[in-house]
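These notes concern the structure reproduced below.
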Amino acid sequence: MTASNRSEPFPAPLRRHTAHTILRRKQVEAETGYSRSTIYLRIAQGLFVKPVSLGARAVGFPAGEVIALNAARIAGKTDADIRALVMRLQAARTVTEVSDLRA
């Protein structure tokens, strides 16, 4: 099947995601270029956001956070800058969750 015969105009990594889209690990691998082991290494190093639970045996990553981390890498941010970004992104999750519950 050629690209012109596909029903989707772009391959998965080039599709637009909203901030509230949850990406599964394979999608994150495609978006970042990282392997599974590198994603989890970066999480342990504080250089990537922790996944969110989707169920008993499923996790995902908020697309907006993955996009922000990719943009930081492209911009040439240091590991220290990215660690700070990861902390801000993860802290924003709880603020958003609490404000969503009050609404």
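If you're wondering about the labels, chains in the structure tokens are A, B, ... by order shown, residues count from 1 in each chain, ligands from 1 in order shown.
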Could you pull the residues within 9 Å of A:Glu29, counting only C-alpha atoms, minus those fewer than 6 positions along the same chain, as a PDB file with N, CA and C atoms, in the first residue's frame?
```
ATOM      1  N   SER A  35      13.605   4.535  22.218  1.00  0.00           N
ATOM      2  CA  SER A  35      13.153   3.155  22.390  1.00  0.00           C
ATOM      3  C   SER A  35      12.447   3.048  23.739  1.00  0.00           C
ATOM      4  N   ARG A  36      11.794   1.923  23.966  1.00  0.00           N
ATOM      5  CA  ARG A  36      11.112   1.689  25.224  1.00  0.00           C
ATOM      6  C   ARG A  36      12.064   1.826  26.408  1.00  0.00           C
ATOM      7  N   ILE A  39      12.995   5.476  27.036  1.00  0.00           N
ATOM      8  CA  ILE A  39      11.909   6.238  27.673  1.00  0.00           C
ATOM      9  C   ILE A  39      11.945   6.020  29.176  1.00  0.00           C
TER      10      ILE A  39
END
```
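Between atom CA of A:Leu47 and atom CA of A:Ile82 lies a distance of 6.0 Å.
Each of A:Ala30, A:Pro51, A:Gly46, A:Ile67 was compared to A:Arg93 using only C-alpha atoms, and A:Pro51 turns out to be the nearest.
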Problem set entry | For stretch 78-81 of chain A: contacts at 12 Å, only C-alpha atoms, fewer than 5 positions along chain excluded, given as a ChimeraX atom specification | /A:42,45-48,69,72-73,86-88
Please write the residues from the selection above to a file, keeping C-alpha atoms, as a compact mmCIF listing (two decimals), in the first residue's frame.
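Output contents, as saved in part10.txt:
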```txt
# COMPACT_ATOMS: atom_id res chain seq x y z
CA ARG A 42 14.78 9.09 30.90
CA GLN A 45 16.74 10.32 35.25
CA GLY A 46 13.93 12.87 35.60
CA LEU A 47 14.20 13.76 31.91
CA PHE A 48 10.80 12.45 30.83
CA LEU A 69 9.55 17.78 25.89
CA ALA A 72 12.61 21.57 24.59
CA ARG A 73 15.03 19.06 23.07
CA VAL A 86 9.28 17.71 33.71
CA MET A 87 8.65 18.81 37.29
CA ARG A 88 6.40 21.68 36.11
```
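A straight line drawn from atom CA of A:Leu54 to atom CA of A:Ile74 is 28.9 Å long.
Residues lying within 10 Å of A:His20, counting only C-alpha atoms and ignoring same-chain neighbours fewer than 6 positions away, are A:Phe61, A:Pro62, A:Ala63, A:Gly64, A:Glu65.
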Problem set entry | Picked from stretch 6-98 of chain A by DSSP as helix (DSSP H, G or I), as a count of residues only | 53
For this session: Find the residues near A:Ala58: any atom within 12 Å, counting only C-alpha atoms, skip ones fewer than 4 places away on the same chain, and give them as a ChimeraX atom specification.
Result: /A:22-25,51-54
